Amino acid sequence: MSGSGAKRVPIVHSVTTKFGHLDLRLHQLECGSRGWSLRPGGFQPAETRPVVNGTLDGPALEAFIADMEIALSALRRFRDDVGGAA
């Protein structure tokens, strides 16, 4: 082994959106694998490592969608409990 580490698989599709002060990135690799990552906002992807990341392959995609729906519901309940947006 050369010790150079694993080769990166090229990203063939990527969508990035604001998620609070973070950037949520959804991507598909050339090999077909899909994933997500959260990074501090305002940085190029090569400049910083993800805060967290995970797969969107198989049942993980539906689980991720469900988790996001639950989080959104909790955020709305919090807003309502504290009297709305200030």
# chains A, B, ... in the order shown; residues from 1 in each chain; ligands from 1

call {"tool": "closest_atom_pairs", "arguments": {"of": "stretch 44-64 of chain A", "to": "stretch 19-28 of chain A", "cutoff": "12 Å", "atoms": "only C-alpha atoms", "output": "Markdown table"}}
result
| residue | atom | partner | partner_atom | distance |
| --- | --- | --- | --- | --- |
| A:Gln44 | CA | A:Asp23 | CA | 10.2 |
| A:Pro45 | CA | A:Arg25 | CA | 9.3 |
| A:Thr48 | CA | A:Asp23 | CA | 11.4 |
| A:Arg49 | CA | A:Asp23 | CA | 11.7 |
| A:Pro50 | CA | A:Asp23 | CA | 9.4 |
| A:Val51 | CA | A:Leu22 | CA | 9.0 |
| A:Val52 | CA | A:Leu24 | CA | 9.9 |
| A:Asn53 | CA | A:Arg25 | CA | 9.1 |
| A:Gly54 | CA | A:Leu26 | CA | 9.8 |
| A:Thr55 | CA | A:His27 | CA | 9.6 |
| A:Leu56 | CA | A:Leu26 | CA | 8.6 |
| A:Asp57 | CA | A:Gln28 | CA | 9.6 |
| A:Leu61 | CA | A:Leu26 | CA | 10.8 |
| A:Phe64 | CA | A:Leu26 | CA | 11.3 |

call {"tool": "residues_around", "arguments": {"residues": "A:His13", "least_positions_apart": "2", "cutoff": "12 Å", "atoms": "only C-alpha atoms", "output": "PyMOL selection string"}}
result
chain A and resi 10-11+15-16+25-36

call {"tool": "select_by_dssp", "arguments": {"residues": "stretch 6-85 of chain A", "states": "strand (DSSP E)", "output": "list in words"}}
result
Ile11, Val12, His13, Ser14, Val15, Thr16, Thr17, Lys18, Phe19, Leu22, Asp23, Leu24, Arg25, Leu26, His27, Gln28, Leu29, Arg34, Gly35, Trp36, Ser37, Leu38, Arg39, Pro40, Val52, Asn53, Gly54 and Thr55 of chain A

call {"tool": "select_by_dssp", "arguments": {"residues": "chain A", "states": "helix (DSSP H, G or I)", "output": "PyMOL selection string"}}
result
chain A and resi 45-47+59-81

call {"tool": "write_last_selection", "arguments": {"atoms": "N, CA, C and O atoms", "output": "short mmCIF file (atom, residue, chain, number, x, y, z; two decimals), in the first residue's frame"}}
result
data_model
loop_
_atom_site.label_atom_id
_atom_site.label_comp_id
_atom_site.auth_asym_id
_atom_site.auth_seq_id
_atom_site.Cartn_x
_atom_site.Cartn_y
_atom_site.Cartn_z
N PRO A 45 -16.85 23.71 0.17
CA PRO A 45 -16.78 22.34 0.70
C PRO A 45 -15.37 21.85 0.96
O PRO A 45 -15.13 21.12 1.91
N ALA A 46 -14.40 22.25 0.16
CA ALA A 46 -13.03 21.77 0.35
C ALA A 46 -12.35 22.44 1.55
O ALA A 46 -11.33 21.95 2.03
N GLU A 47 -12.92 23.54 2.05
CA GLU A 47 -12.27 24.29 3.12
C GLU A 47 -12.58 23.77 4.51
O GLU A 47 -11.89 24.11 5.46
N PRO A 59 -33.08 2.43 2.96
CA PRO A 59 -34.09 2.97 3.88
C PRO A 59 -33.62 4.21 4.64
O PRO A 59 -34.43 4.91 5.24
N ALA A 60 -32.33 4.52 4.58
CA ALA A 60 -31.83 5.71 5.27
C ALA A 60 -32.44 6.99 4.70
O ALA A 60 -32.61 7.97 5.42
N LEU A 61 -32.77 7.00 3.42
CA LEU A 61 -33.38 8.18 2.81
C LEU A 61 -34.73 8.47 3.44
O LEU A 61 -35.02 9.60 3.85
N GLU A 62 -35.58 7.46 3.54
CA GLU A 62 -36.90 7.65 4.15
C GLU A 62 -36.78 8.01 5.62
O GLU A 62 -37.54 8.83 6.14
N ALA A 63 -35.82 7.42 6.32
CA ALA A 63 -35.60 7.74 7.73
C ALA A 63 -35.16 9.19 7.89
O ALA A 63 -35.59 9.89 8.81
N PHE A 64 -34.29 9.68 6.98
CA PHE A 64 -33.83 11.06 7.03
C PHE A 64 -34.99 12.02 6.81
O PHE A 64 -35.13 13.01 7.52
N ILE A 65 -35.85 11.71 5.83
CA ILE A 65 -37.03 12.55 5.57
C ILE A 65 -37.93 12.58 6.81
O ILE A 65 -38.39 13.65 7.23
N ALA A 66 -38.16 11.43 7.42
CA ALA A 66 -38.99 11.37 8.63
C ALA A 66 -38.36 12.18 9.77
O ALA A 66 -39.06 12.91 10.47
N ASP A 67 -37.05 12.06 9.94
CA ASP A 67 -36.36 12.84 10.98
C ASP A 67 -36.51 14.33 10.74
O ASP A 67 -36.72 15.11 11.69
N MET A 68 -36.40 14.77 9.48
CA MET A 68 -36.55 16.19 9.16
C MET A 68 -37.99 16.66 9.44
O MET A 68 -38.18 17.76 9.94
N GLU A 69 -38.97 15.82 9.12
CA GLU A 69 -40.37 16.19 9.39
C GLU A 69 -40.63 16.31 10.89
O GLU A 69 -41.32 17.22 11.34
N ILE A 70 -40.06 15.41 11.67
CA ILE A 70 -40.20 15.46 13.13
C ILE A 70 -39.53 16.72 13.68
O ILE A 70 -40.08 17.42 14.53
N ALA A 71 -38.34 17.02 13.17
CA ALA A 71 -37.62 18.21 13.63
C ALA A 71 -38.40 19.48 13.28
O ALA A 71 -38.50 20.40 14.10
N LEU A 72 -38.98 19.54 12.10
CA LEU A 72 -39.77 20.69 11.69
C LEU A 72 -41.01 20.84 12.58
O LEU A 72 -41.34 21.95 13.02
N SER A 73 -41.65 19.75 12.88
CA SER A 73 -42.81 19.77 13.76
C SER A 73 -42.42 20.27 15.16
O SER A 73 -43.13 21.10 15.74
N ALA A 74 -41.30 19.80 15.68
CA ALA A 74 -40.84 20.24 16.99
C ALA A 74 -40.51 21.73 16.98
O ALA A 74 -40.80 22.45 17.94
N LEU A 75 -39.90 22.20 15.88
CA LEU A 75 -39.57 23.62 15.77
C LEU A 75 -40.84 24.47 15.76
O LEU A 75 -40.91 25.51 16.42
N ARG A 76 -41.86 24.02 15.05
CA ARG A 76 -43.13 24.76 15.03
C ARG A 76 -43.79 24.78 16.40
O ARG A 76 -44.33 25.80 16.83
N ARG A 77 -43.76 23.63 17.11
CA ARG A 77 -44.32 23.59 18.47
C ARG A 77 -43.56 24.54 19.39
O ARG A 77 -44.17 25.24 20.21
N PHE A 78 -42.25 24.57 19.27
CA PHE A 78 -41.43 25.48 20.08
C PHE A 78 -41.83 26.92 19.80
O PHE A 78 -42.02 27.72 20.73
N ARG A 79 -41.95 27.28 18.53
CA ARG A 79 -42.36 28.63 18.15
C ARG A 79 -43.69 28.98 18.78
O ARG A 79 -43.86 30.05 19.36
N ASP A 80 -44.64 28.07 18.72
CA ASP A 80 -45.97 28.31 19.27
C ASP A 80 -45.93 28.43 20.79
O ASP A 80 -46.62 29.26 21.39
N ASP A 81 -45.10 27.62 21.44
CA ASP A 81 -44.99 27.64 22.91
C ASP A 81 -44.35 28.92 23.43
O ASP A 81 -44.69 29.37 24.53
#
